[in-house]
>>> print(open('protein-v3.cif').read())   # mmCIF, N, CA and C atoms
data_structure
#
loop_
_atom_site.group_PDB
_atom_site.id
_atom_site.type_symbol
_atom_site.label_atom_id
_atom_site.label_comp_id
_atom_site.auth_asym_id
_atom_site.auth_seq_id
_atom_site.Cartn_x
_atom_site.Cartn_y
_atom_site.Cartn_z
ATOM 1 N N MET H 156 21.052 -16.943 1.703
ATOM 2 C CA MET H 156 20.013 -15.948 1.728
ATOM 3 C C MET H 156 18.879 -16.444 2.619
ATOM 4 N N ARG H 157 18.395 -15.589 3.473
ATOM 5 C CA ARG H 157 17.308 -15.920 4.382
ATOM 6 C C ARG H 157 15.996 -15.392 3.822
ATOM 7 N N THR H 158 14.981 -16.206 3.820
ATOM 8 C CA THR H 158 13.676 -15.736 3.354
ATOM 9 C C THR H 158 12.689 -15.812 4.500
ATOM 10 N N ALA H 159 11.689 -14.939 4.443
ATOM 11 C CA ALA H 159 10.641 -14.941 5.460
ATOM 12 C C ALA H 159 9.319 -15.199 4.770
ATOM 13 N N THR H 160 8.550 -16.085 5.301
ATOM 14 C CA THR H 160 7.219 -16.310 4.731
ATOM 15 C C THR H 160 6.283 -15.227 5.244
ATOM 16 N N ALA H 161 5.214 -15.007 4.512
ATOM 17 C CA ALA H 161 4.277 -13.943 4.872
ATOM 18 C C ALA H 161 3.724 -14.136 6.271
ATOM 19 N N SER H 162 3.510 -15.367 6.675
ATOM 20 C CA SER H 162 2.914 -15.591 7.990
ATOM 21 C C SER H 162 3.866 -15.249 9.131
ATOM 22 N N LYS H 163 5.146 -15.104 8.850
ATOM 23 C CA LYS H 163 6.119 -14.814 9.901
ATOM 24 C C LYS H 163 6.559 -13.354 9.923
ATOM 25 N N ILE H 164 6.008 -12.529 9.038
ATOM 26 C CA ILE H 164 6.422 -11.132 8.960
ATOM 27 C C ILE H 164 5.612 -10.300 9.946
ATOM 28 N N ASP H 165 6.300 -9.586 10.820
ATOM 29 C CA ASP H 165 5.655 -8.635 11.726
ATOM 30 C C ASP H 165 5.612 -7.299 10.994
ATOM 31 N N ARG H 166 4.408 -6.787 10.746
ATOM 32 C CA ARG H 166 4.253 -5.577 9.946
ATOM 33 C C ARG H 166 5.077 -4.411 10.467
ATOM 34 N N LYS H 167 5.255 -4.323 11.770
ATOM 35 C CA LYS H 167 6.007 -3.188 12.313
ATOM 36 C C LYS H 167 7.513 -3.428 12.297
ATOM 37 N N GLU H 168 7.927 -4.645 11.967
ATOM 38 C CA GLU H 168 9.359 -4.926 11.868
ATOM 39 C C GLU H 168 9.897 -4.591 10.488
ATOM 40 N N ILE H 169 9.014 -4.266 9.555
ATOM 41 C CA ILE H 169 9.412 -3.884 8.207
ATOM 42 C C ILE H 169 9.583 -2.371 8.210
ATOM 43 N N SER H 170 10.557 -1.864 7.487
ATOM 44 C CA SER H 170 10.856 -0.433 7.542
ATOM 45 C C SER H 170 9.641 0.430 7.223
ATOM 46 N N ILE H 171 8.823 0.053 6.259
ATOM 47 C CA ILE H 171 7.640 0.852 5.949
ATOM 48 C C ILE H 171 6.656 0.807 7.114
ATOM 49 N N GLY H 172 6.501 -0.361 7.730
ATOM 50 C CA GLY H 172 5.620 -0.469 8.894
ATOM 51 C C GLY H 172 6.073 0.414 10.036
ATOM 52 N N ARG H 173 7.366 0.457 10.281
ATOM 53 C CA ARG H 173 7.901 1.324 11.342
ATOM 54 C C ARG H 173 7.668 2.790 11.004
ATOM 55 N N GLU H 174 7.862 3.151 9.736
ATOM 56 C CA GLU H 174 7.666 4.538 9.310
ATOM 57 C C GLU H 174 6.197 4.950 9.445
ATOM 58 N N LEU H 175 5.290 4.067 9.048
ATOM 59 C CA LEU H 175 3.863 4.353 9.201
ATOM 60 C C LEU H 175 3.514 4.553 10.669
ATOM 61 N N ALA H 176 3.998 3.664 11.529
ATOM 62 C CA ALA H 176 3.718 3.750 12.964
ATOM 63 C C ALA H 176 4.320 5.019 13.563
ATOM 64 N N ARG H 177 5.513 5.364 13.147
ATOM 65 C CA ARG H 177 6.191 6.550 13.693
ATOM 66 C C ARG H 177 5.402 7.826 13.397
ATOM 67 N N HIS H 178 4.837 7.899 12.194
ATOM 68 C CA HIS H 178 4.072 9.085 11.810
ATOM 69 C C HIS H 178 2.603 8.989 12.206
ATOM 70 N N GLY H 179 2.166 7.804 12.646
ATOM 71 C CA GLY H 179 0.768 7.634 13.029
ATOM 72 C C GLY H 179 -0.189 7.743 11.853
ATOM 73 N N VAL H 180 0.250 7.254 10.690
ATOM 74 C CA VAL H 180 -0.578 7.307 9.483
ATOM 75 C C VAL H 180 -0.673 5.915 8.880
ATOM 76 N N ASP H 181 -1.578 5.760 7.903
ATOM 77 C CA ASP H 181 -1.672 4.469 7.237
ATOM 78 C C ASP H 181 -1.205 4.505 5.788
ATOM 79 N N VAL H 182 -0.851 5.678 5.275
ATOM 80 C CA VAL H 182 -0.295 5.812 3.931
ATOM 81 C C VAL H 182 0.778 6.894 3.957
ATOM 82 N N LEU H 183 1.897 6.607 3.300
ATOM 83 C CA LEU H 183 2.942 7.609 3.111
ATOM 84 C C LEU H 183 2.983 7.958 1.629
ATOM 85 N N LEU H 184 2.984 9.241 1.313
ATOM 86 C CA LEU H 184 3.036 9.704 -0.068
ATOM 87 C C LEU H 184 4.169 10.708 -0.183
ATOM 88 N N ASP H 185 5.189 10.346 -0.935
ATOM 89 C CA ASP H 185 6.305 11.245 -1.196
ATOM 90 C C ASP H 185 6.176 11.730 -2.627
ATOM 91 N N VAL H 186 6.225 13.049 -2.836
ATOM 92 C CA VAL H 186 6.052 13.628 -4.161
ATOM 93 C C VAL H 186 7.293 14.429 -4.518
ATOM 94 N N GLU H 187 7.782 14.206 -5.735
ATOM 95 C CA GLU H 187 8.933 14.958 -6.219
ATOM 96 C C GLU H 187 8.909 14.987 -7.737
ATOM 97 N N ASP H 188 8.942 16.189 -8.301
ATOM 98 C CA ASP H 188 9.034 16.386 -9.750
ATOM 99 C C ASP H 188 7.963 15.644 -10.542
ATOM 100 N N GLY H 189 6.727 15.676 -10.082
ATOM 101 C CA GLY H 189 5.635 15.040 -10.809
ATOM 102 C C GLY H 189 5.548 13.536 -10.647
ATOM 103 N N ASN H 190 6.404 12.967 -9.826
ATOM 104 C CA ASN H 190 6.362 11.534 -9.535
ATOM 105 C C ASN H 190 6.037 11.345 -8.067
ATOM 106 N N ALA H 191 5.595 10.153 -7.745
ATOM 107 C CA ALA H 191 5.192 9.891 -6.366
ATOM 108 C C ALA H 191 5.645 8.503 -5.943
ATOM 109 N N LEU H 192 5.859 8.374 -4.655
ATOM 110 C CA LEU H 192 6.135 7.090 -4.037
ATOM 111 C C LEU H 192 5.016 6.858 -3.038
ATOM 112 N N VAL H 193 4.224 5.814 -3.280
ATOM 113 C CA VAL H 193 3.101 5.464 -2.411
ATOM 114 C C VAL H 193 3.531 4.267 -1.587
ATOM 115 N N ARG H 194 3.503 4.425 -0.257
ATOM 116 C CA ARG H 194 3.893 3.335 0.639
ATOM 117 C C ARG H 194 2.795 3.145 1.666
ATOM 118 N N CYS H 195 2.340 1.898 1.766
ATOM 119 C CA CYS H 195 1.290 1.588 2.742
ATOM 120 C C CYS H 195 1.250 0.090 2.990
ATOM 121 N N GLN H 196 0.517 -0.281 4.009
ATOM 122 C CA GLN H 196 0.227 -1.677 4.311
ATOM 123 C C GLN H 196 -1.280 -1.774 4.421
ATOM 124 N N VAL H 197 -1.873 -2.511 3.493
ATOM 125 C CA VAL H 197 -3.326 -2.592 3.393
ATOM 126 C C VAL H 197 -3.747 -4.044 3.222
ATOM 127 N N SER H 198 -5.046 -4.295 3.348
ATOM 128 C CA SER H 198 -5.549 -5.651 3.107
ATOM 129 C C SER H 198 -5.358 -5.989 1.628
ATOM 130 N N SER H 199 -5.384 -7.264 1.325
ATOM 131 C CA SER H 199 -5.196 -7.673 -0.067
ATOM 132 C C SER H 199 -6.310 -7.133 -0.960
ATOM 133 N N ALA H 200 -7.520 -7.014 -0.427
ATOM 134 C CA ALA H 200 -8.631 -6.464 -1.205
ATOM 135 C C ALA H 200 -8.396 -4.992 -1.532
ATOM 136 N N ILE H 201 -7.921 -4.232 -0.560
ATOM 137 C CA ILE H 201 -7.627 -2.813 -0.790
ATOM 138 C C ILE H 201 -6.455 -2.686 -1.759
ATOM 139 N N ALA H 202 -5.441 -3.531 -1.613
ATOM 140 C CA ALA H 202 -4.295 -3.507 -2.529
ATOM 141 C C ALA H 202 -4.753 -3.781 -3.953
ATOM 142 N N ALA H 203 -5.632 -4.750 -4.136
ATOM 143 C CA ALA H 203 -6.143 -5.061 -5.473
ATOM 144 C C ALA H 203 -6.872 -3.859 -6.066
ATOM 145 N N ALA H 204 -7.669 -3.174 -5.231
ATOM 146 C CA ALA H 204 -8.387 -1.986 -5.699
ATOM 147 C C ALA H 204 -7.420 -0.876 -6.074
ATOM 148 N N MET H 205 -6.368 -0.705 -5.282
ATOM 149 C CA MET H 205 -5.398 0.356 -5.547
ATOM 150 C C MET H 205 -4.586 0.088 -6.811
ATOM 151 N N LEU H 206 -4.286 -1.166 -7.070
ATOM 152 C CA LEU H 206 -3.419 -1.507 -8.191
ATOM 153 C C LEU H 206 -4.180 -1.724 -9.497
ATOM 154 N N ALA H 207 -5.457 -2.074 -9.418
ATOM 155 C CA ALA H 207 -6.248 -2.364 -10.617
ATOM 156 C C ALA H 207 -6.265 -1.213 -11.631
ATOM 157 N N PRO H 208 -6.482 0.034 -11.206
ATOM 158 C CA PRO H 208 -6.536 1.124 -12.190
ATOM 159 C C PRO H 208 -5.206 1.359 -12.912
ATOM 160 N N LEU H 209 -4.131 0.851 -12.369
ATOM 161 C CA LEU H 209 -2.816 1.081 -12.974
ATOM 162 C C LEU H 209 -2.523 0.115 -14.120
ATOM 163 N N GLY H 210 -3.260 -0.964 -14.197
ATOM 164 C CA GLY H 210 -3.058 -1.914 -15.279
ATOM 165 C C GLY H 210 -1.649 -2.473 -15.347
ATOM 166 N N GLY H 211 -1.025 -2.709 -14.201
ATOM 167 C CA GLY H 211 0.329 -3.257 -14.180
ATOM 168 C C GLY H 211 1.420 -2.250 -14.472
ATOM 169 N N GLU H 212 1.099 -0.964 -14.443
ATOM 170 C CA GLU H 212 2.067 0.075 -14.802
ATOM 171 C C GLU H 212 2.920 0.570 -13.634
ATOM 172 N N ALA H 213 2.623 0.155 -12.426
ATOM 173 C CA ALA H 213 3.382 0.635 -11.265
ATOM 174 C C ALA H 213 4.714 -0.091 -11.180
ATOM 175 N N ALA H 214 5.777 0.679 -11.089
ATOM 176 C CA ALA H 214 7.097 0.096 -10.876
ATOM 177 C C ALA H 214 7.357 0.146 -9.384
ATOM 178 N N GLY H 215 7.276 -0.974 -8.727
ATOM 179 C CA GLY H 215 7.459 -0.967 -7.283
ATOM 180 C C GLY H 215 7.433 -2.364 -6.722
ATOM 181 N N GLN H 216 7.386 -2.432 -5.424
ATOM 182 C CA GLN H 216 7.381 -3.704 -4.722
ATOM 183 C C GLN H 216 6.036 -3.905 -4.058
ATOM 184 N N PHE H 217 5.528 -5.116 -4.193
ATOM 185 C CA PHE H 217 4.271 -5.487 -3.572
ATOM 186 C C PHE H 217 4.539 -6.782 -2.838
ATOM 187 N N ARG H 218 4.525 -6.731 -1.531
ATOM 188 C CA ARG H 218 4.917 -7.883 -0.724
ATOM 189 C C ARG H 218 3.767 -8.351 0.160
ATOM 190 N N PRO H 219 3.497 -9.675 0.156
ATOM 191 C CA PRO H 219 2.472 -10.194 1.066
ATOM 192 C C PRO H 219 2.967 -10.146 2.505
ATOM 193 N N LEU H 220 2.061 -9.824 3.403
ATOM 194 C CA LEU H 220 2.358 -9.791 4.825
ATOM 195 C C LEU H 220 1.410 -10.735 5.559
ATOM 196 N N ALA H 221 1.639 -10.909 6.820
ATOM 197 C CA ALA H 221 0.764 -11.756 7.639
ATOM 198 C C ALA H 221 -0.634 -11.156 7.711
ATOM 199 N N GLY H 222 -1.607 -12.007 7.947
ATOM 200 C CA GLY H 222 -2.971 -11.534 8.172
ATOM 201 C C GLY H 222 -3.652 -10.993 6.932
ATOM 202 N N ASN H 223 -3.359 -11.547 5.759
ATOM 203 C CA ASN H 223 -3.996 -11.124 4.511
ATOM 204 C C ASN H 223 -3.705 -9.662 4.183
ATOM 205 N N MET H 224 -2.531 -9.204 4.551
ATOM 206 C CA MET H 224 -2.121 -7.833 4.287
ATOM 207 C C MET H 224 -1.087 -7.811 3.166
ATOM 208 N N VAL H 225 -0.968 -6.656 2.519
ATOM 209 C CA VAL H 225 -0.004 -6.456 1.446
ATOM 210 C C VAL H 225 0.696 -5.134 1.690
ATOM 211 N N GLU H 226 1.997 -5.133 1.494
ATOM 212 C CA GLU H 226 2.758 -3.893 1.574
ATOM 213 C C GLU H 226 2.949 -3.373 0.162
ATOM 214 N N ILE H 227 2.571 -2.124 -0.054
ATOM 215 C CA ILE H 227 2.755 -1.479 -1.350
ATOM 216 C C ILE H 227 3.862 -0.443 -1.202
ATOM 217 N N ASP H 228 4.808 -0.506 -2.111
ATOM 218 C CA ASP H 228 5.911 0.445 -2.181
ATOM 219 C C ASP H 228 6.067 0.769 -3.659
ATOM 220 N N ALA H 229 5.194 1.652 -4.177
ATOM 221 C CA ALA H 229 5.063 1.862 -5.616
ATOM 222 C C ALA H 229 5.566 3.231 -6.050
ATOM 223 N N ALA H 230 6.444 3.230 -7.027
ATOM 224 C CA ALA H 230 6.914 4.458 -7.663
ATOM 225 C C ALA H 230 6.049 4.683 -8.896
ATOM 226 N N VAL H 231 5.261 5.751 -8.883
ATOM 227 C CA VAL H 231 4.300 6.027 -9.959
ATOM 228 C C VAL H 231 4.287 7.518 -10.276
ATOM 229 N N THR H 232 3.565 7.886 -11.329
ATOM 230 C CA THR H 232 3.373 9.305 -11.606
ATOM 231 C C THR H 232 2.434 9.879 -10.552
ATOM 232 N N LEU H 233 2.424 11.164 -10.427
ATOM 233 C CA LEU H 233 1.538 11.815 -9.469
ATOM 234 C C LEU H 233 0.073 11.529 -9.814
ATOM 235 N N ALA H 234 -0.248 11.522 -11.092
ATOM 236 C CA ALA H 234 -1.621 11.211 -11.516
ATOM 237 C C ALA H 234 -2.005 9.790 -11.120
ATOM 238 N N SER H 235 -1.086 8.851 -11.278
ATOM 239 C CA SER H 235 -1.357 7.468 -10.890
ATOM 240 C C SER H 235 -1.515 7.340 -9.381
ATOM 241 N N ALA H 236 -0.729 8.090 -8.627
ATOM 242 C CA ALA H 236 -0.855 8.073 -7.169
ATOM 243 C C ALA H 236 -2.236 8.558 -6.757
ATOM 244 N N GLN H 237 -2.729 9.591 -7.435
ATOM 245 C CA GLN H 237 -4.061 10.101 -7.131
ATOM 246 C C GLN H 237 -5.117 9.037 -7.422
ATOM 247 N N VAL H 238 -4.953 8.319 -8.522
ATOM 248 C CA VAL H 238 -5.889 7.244 -8.868
ATOM 249 C C VAL H 238 -5.833 6.149 -7.803
ATOM 250 N N MET H 239 -4.625 5.792 -7.362
ATOM 251 C CA MET H 239 -4.466 4.757 -6.335
ATOM 252 C C MET H 239 -5.145 5.163 -5.033
ATOM 253 N N LEU H 240 -4.928 6.409 -4.616
ATOM 254 C CA LEU H 240 -5.503 6.876 -3.352
ATOM 255 C C LEU H 240 -7.022 7.011 -3.437
ATOM 256 N N THR H 241 -7.537 7.402 -4.593
ATOM 257 C CA THR H 241 -8.988 7.457 -4.792
ATOM 258 C C THR H 241 -9.583 6.061 -4.734
ATOM 259 N N ALA H 242 -8.931 5.104 -5.397
ATOM 260 C CA ALA H 242 -9.402 3.716 -5.378
ATOM 261 C C ALA H 242 -9.369 3.162 -3.958
ATOM 262 N N ARG H 243 -8.340 3.522 -3.202
ATOM 263 C CA ARG H 243 -8.233 3.085 -1.804
ATOM 264 C C ARG H 243 -9.398 3.636 -0.990
ATOM 265 N N ALA H 244 -9.664 4.932 -1.139
ATOM 266 C CA ALA H 244 -10.755 5.570 -0.399
ATOM 267 C C ALA H 244 -12.107 4.939 -0.753
ATOM 268 N N GLU H 245 -12.325 4.676 -2.047
ATOM 269 C CA GLU H 245 -13.580 4.058 -2.463
ATOM 270 C C GLU H 245 -13.703 2.640 -1.932
ATOM 271 N N ALA H 246 -12.605 1.898 -1.954
ATOM 272 C CA ALA H 246 -12.627 0.517 -1.431
ATOM 273 C C ALA H 246 -12.889 0.518 0.069
ATOM 274 N N LEU H 247 -12.266 1.446 0.772
ATOM 275 C CA LEU H 247 -12.499 1.544 2.218
ATOM 276 C C LEU H 247 -13.940 1.939 2.521
ATOM 277 N N ALA H 248 -14.481 2.866 1.758
ATOM 278 C CA ALA H 248 -15.864 3.293 1.968
ATOM 279 C C ALA H 248 -16.819 2.150 1.689
ATOM 280 N N GLY H 249 -16.499 1.325 0.701
ATOM 281 C CA GLY H 249 -17.353 0.191 0.358
ATOM 282 C C GLY H 249 -17.263 -0.933 1.358
ATOM 283 N N SER H 250 -16.179 -0.965 2.136
ATOM 284 C CA SER H 250 -16.003 -2.054 3.099
ATOM 285 C C SER H 250 -16.585 -1.736 4.463
ATOM 286 N N VAL H 251 -17.078 -0.525 4.649
ATOM 287 C CA VAL H 251 -17.656 -0.131 5.935
ATOM 288 C C VAL H 251 -19.080 -0.656 6.019
ATOM 289 N N CYS H 252 -19.362 -1.381 7.052
ATOM 290 C CA CYS H 252 -20.714 -1.914 7.284
ATOM 291 C C CYS H 252 -21.440 -0.981 8.244
ATOM 292 N N LEU H 253 -22.601 -0.559 7.854
ATOM 293 C CA LEU H 253 -23.420 0.275 8.736
ATOM 294 C C LEU H 253 -24.557 -0.586 9.289
ATOM 295 N N HIS H 254 -24.462 -0.940 10.547
ATOM 296 C CA HIS H 254 -25.498 -1.771 11.184
ATOM 297 C C HIS H 254 -26.235 -0.947 12.193
#
>>> encode(input="protein-v3.cif", output="structure tokens")
Amino acid sequence: MRTATASKIDRKEISIGRELARHGVDVLLDVEDGNALVRCQVSSAIAAAMLAPLGGEAAGQFRPLAGNMVEIDAAVTLASAQVMLTARAEALAGSVCLH
């Protein structure tokens, strides 16, 4: 079995990274029957903000990437996806410096 360390992972070489780049977006949200699949590549701080409201309830994959980034591939309820996306938006708004 071959393993890759986070420092050697090219974000666009990962299937989610390619999908994000292909669509020109930074978050993919698939919704079906009241459930959602949230896929994105965000900084570790944004990932922490997105995952904190879930209290460990997200069934999915969270993989470290190069450059302090995290890939989120979370299968959650639609309500949880909304909480994740709201937390992401708030974290992003809080990280903007106005000089």
>>> resolve_selection(input="protein-v3.cif", expression="the PyMOL selection byres ((chain H and resi 232-241) around 8)", output="PDB file with N, CA and C atoms, keeping the file's coordinate frame")
ATOM      1  N   VAL H 186       6.225  13.049  -2.836  1.00  0.00           N
ATOM      2  CA  VAL H 186       6.052  13.628  -4.161  1.00  0.00           C
ATOM      3  C   VAL H 186       7.293  14.429  -4.518  1.00  0.00           C
ATOM      4  N   GLU H 187       7.782  14.206  -5.735  1.00  0.00           N
ATOM      5  CA  GLU H 187       8.933  14.958  -6.219  1.00  0.00           C
ATOM      6  C   GLU H 187       8.909  14.987  -7.737  1.00  0.00           C
ATOM      7  N   ASP H 188       8.942  16.189  -8.301  1.00  0.00           N
ATOM      8  CA  ASP H 188       9.034  16.386  -9.750  1.00  0.00           C
ATOM      9  C   ASP H 188       7.963  15.644 -10.542  1.00  0.00           C
ATOM     10  N   GLY H 189       6.727  15.676 -10.082  1.00  0.00           N
ATOM     11  CA  GLY H 189       5.635  15.040 -10.809  1.00  0.00           C
ATOM     12  C   GLY H 189       5.548  13.536 -10.647  1.00  0.00           C
ATOM     13  N   ASN H 190       6.404  12.967  -9.826  1.00  0.00           N
ATOM     14  CA  ASN H 190       6.362  11.534  -9.535  1.00  0.00           C
ATOM     15  C   ASN H 190       6.037  11.345  -8.067  1.00  0.00           C
ATOM     16  N   ALA H 191       5.595  10.153  -7.745  1.00  0.00           N
ATOM     17  CA  ALA H 191       5.192   9.891  -6.366  1.00  0.00           C
ATOM     18  C   ALA H 191       5.645   8.503  -5.943  1.00  0.00           C
ATOM     19  N   LEU H 192       5.859   8.374  -4.655  1.00  0.00           N
ATOM     20  CA  LEU H 192       6.135   7.090  -4.037  1.00  0.00           C
ATOM     21  C   LEU H 192       5.016   6.858  -3.038  1.00  0.00           C
ATOM     22  N   VAL H 193       4.224   5.814  -3.280  1.00  0.00           N
ATOM     23  CA  VAL H 193       3.101   5.464  -2.411  1.00  0.00           C
ATOM     24  C   VAL H 193       3.531   4.267  -1.587  1.00  0.00           C
ATOM     25  N   ALA H 204      -7.669  -3.174  -5.231  1.00  0.00           N
ATOM     26  CA  ALA H 204      -8.387  -1.986  -5.699  1.00  0.00           C
ATOM     27  C   ALA H 204      -7.420  -0.876  -6.074  1.00  0.00           C
ATOM     28  N   MET H 205      -6.368  -0.705  -5.282  1.00  0.00           N
ATOM     29  CA  MET H 205      -5.398   0.356  -5.547  1.00  0.00           C
ATOM     30  C   MET H 205      -4.586   0.088  -6.811  1.00  0.00           C
ATOM     31  N   LEU H 206      -4.286  -1.166  -7.070  1.00  0.00           N
ATOM     32  CA  LEU H 206      -3.419  -1.507  -8.191  1.00  0.00           C
ATOM     33  C   LEU H 206      -4.180  -1.724  -9.497  1.00  0.00           C
ATOM     34  N   ALA H 207      -5.457  -2.074  -9.418  1.00  0.00           N
ATOM     35  CA  ALA H 207      -6.248  -2.364 -10.617  1.00  0.00           C
ATOM     36  C   ALA H 207      -6.265  -1.213 -11.631  1.00  0.00           C
ATOM     37  N   PRO H 208      -6.482   0.034 -11.206  1.00  0.00           N
ATOM     38  CA  PRO H 208      -6.536   1.124 -12.190  1.00  0.00           C
ATOM     39  C   PRO H 208      -5.206   1.359 -12.912  1.00  0.00           C
ATOM     40  N   LEU H 209      -4.131   0.851 -12.369  1.00  0.00           N
ATOM     41  CA  LEU H 209      -2.816   1.081 -12.974  1.00  0.00           C
ATOM     42  C   LEU H 209      -2.523   0.115 -14.120  1.00  0.00           C
ATOM     43  N   GLU H 212       1.099  -0.964 -14.443  1.00  0.00           N
ATOM     44  CA  GLU H 212       2.067   0.075 -14.802  1.00  0.00           C
ATOM     45  C   GLU H 212       2.920   0.570 -13.634  1.00  0.00           C
ATOM     46  N   ALA H 213       2.623   0.155 -12.426  1.00  0.00           N
ATOM     47  CA  ALA H 213       3.382   0.635 -11.265  1.00  0.00           C
ATOM     48  C   ALA H 213       4.714  -0.091 -11.180  1.00  0.00           C
ATOM     49  N   ALA H 214       5.777   0.679 -11.089  1.00  0.00           N
ATOM     50  CA  ALA H 214       7.097   0.096 -10.876  1.00  0.00           C
ATOM     51  C   ALA H 214       7.357   0.146  -9.384  1.00  0.00           C
ATOM     52  N   ALA H 229       5.194   1.652  -4.177  1.00  0.00           N
ATOM     53  CA  ALA H 229       5.063   1.862  -5.616  1.00  0.00           C
ATOM     54  C   ALA H 229       5.566   3.231  -6.050  1.00  0.00           C
ATOM     55  N   ALA H 230       6.444   3.230  -7.027  1.00  0.00           N
ATOM     56  CA  ALA H 230       6.914   4.458  -7.663  1.00  0.00           C
ATOM     57  C   ALA H 230       6.049   4.683  -8.896  1.00  0.00           C
ATOM     58  N   VAL H 231       5.261   5.751  -8.883  1.00  0.00           N
ATOM     59  CA  VAL H 231       4.300   6.027  -9.959  1.00  0.00           C
ATOM     60  C   VAL H 231       4.287   7.518 -10.276  1.00  0.00           C
ATOM     61  N   ALA H 242      -8.931   5.104  -5.397  1.00  0.00           N
ATOM     62  CA  ALA H 242      -9.402   3.716  -5.378  1.00  0.00           C
ATOM     63  C   ALA H 242      -9.369   3.162  -3.958  1.00  0.00           C
ATOM     64  N   ARG H 243      -8.340   3.522  -3.202  1.00  0.00           N
ATOM     65  CA  ARG H 243      -8.233   3.085  -1.804  1.00  0.00           C
ATOM     66  C   ARG H 243      -9.398   3.636  -0.990  1.00  0.00           C
ATOM     67  N   ALA H 244      -9.664   4.932  -1.139  1.00  0.00           N
ATOM     68  CA  ALA H 244     -10.755   5.570  -0.399  1.00  0.00           C
ATOM     69  C   ALA H 244     -12.107   4.939  -0.753  1.00  0.00           C
ATOM     70  N   GLU H 245     -12.325   4.676  -2.047  1.00  0.00           N
ATOM     71  CA  GLU H 245     -13.580   4.058  -2.463  1.00  0.00           C
ATOM     72  C   GLU H 245     -13.703   2.640  -1.932  1.00  0.00           C
ATOM     73  N   ALA H 246     -12.605   1.898  -1.954  1.00  0.00           N
ATOM     74  CA  ALA H 246     -12.627   0.517  -1.431  1.00  0.00           C
ATOM     75  C   ALA H 246     -12.889   0.518   0.069  1.00  0.00           C
ATOM     76  N   LEU H 247     -12.266   1.446   0.772  1.00  0.00           N
ATOM     77  CA  LEU H 247     -12.499   1.544   2.218  1.00  0.00           C
ATOM     78  C   LEU H 247     -13.940   1.939   2.521  1.00  0.00           C
TER      79      LEU H 247
END
>>> atom_distance(input="protein-v3.cif", atom1="atom CA of H:Gly211", atom2="atom N of H:Ser170")
24.0 Å
>>> atom_distance(input="protein-v3.cif", atom1="atom C of H:Asp185", atom2="atom C of H:Ala221")
26.0 Å
>>> atom_distance(input="protein-v3.cif", atom1="atom N of H:Met224", atom2="atom CA of H:Gly172")
12.7 Å
>>> residues_around(input="protein-v3.cif", residues="H:Ser198", least_positions_apart="3", cutoff="10 Å", atoms="only C-alpha atoms", output="number ranges by chain")
H: 195, 201-204, 219-226
>>> select_by_dssp(input="protein-v3.cif", residues="stretch 158-251 of chain H", states="strand (DSSP E or B)", output="ChimeraX atom specification")
/H:182-187,190-198,214-220,224-232
>>> resolve_selection(input="protein-v3.cif", expression="the PyMOL selection byres (((chain H and resi 183 and name CA) around 6) and name CA)", output="PDB file with N, CA and C atoms, in the frame of the given file")
ATOM      1  N   VAL H 182      -0.851   5.678   5.275  1.00  0.00           N
ATOM      2  CA  VAL H 182      -0.295   5.812   3.931  1.00  0.00           C
ATOM      3  C   VAL H 182       0.778   6.894   3.957  1.00  0.00           C
ATOM      4  N   LEU H 184       2.984   9.241   1.313  1.00  0.00           N
ATOM      5  CA  LEU H 184       3.036   9.704  -0.068  1.00  0.00           C
ATOM      6  C   LEU H 184       4.169  10.708  -0.183  1.00  0.00           C
ATOM      7  N   VAL H 193       4.224   5.814  -3.280  1.00  0.00           N
ATOM      8  CA  VAL H 193       3.101   5.464  -2.411  1.00  0.00           C
ATOM      9  C   VAL H 193       3.531   4.267  -1.587  1.00  0.00           C
ATOM     10  N   ARG H 194       3.503   4.425  -0.257  1.00  0.00           N
ATOM     11  CA  ARG H 194       3.893   3.335   0.639  1.00  0.00           C
ATOM     12  C   ARG H 194       2.795   3.145   1.666  1.00  0.00           C
TER      13      ARG H 194
END
>>> select_by_dssp(input="protein-v3.cif", residues="stretch 181-246 of chain H", states="helix (DSSP H, G or I)", output="list in words")
Ser199, Ala200, Ile201, Ala202, Ala203, Ala204, Met205, Leu206, Ala207, Pro208, Leu209, Leu233, Ala234, Ser235, Ala236, Gln237, Val238, Met239, Leu240, Thr241, Ala242, Arg243, Ala244, Glu245 and Ala246 of chain H
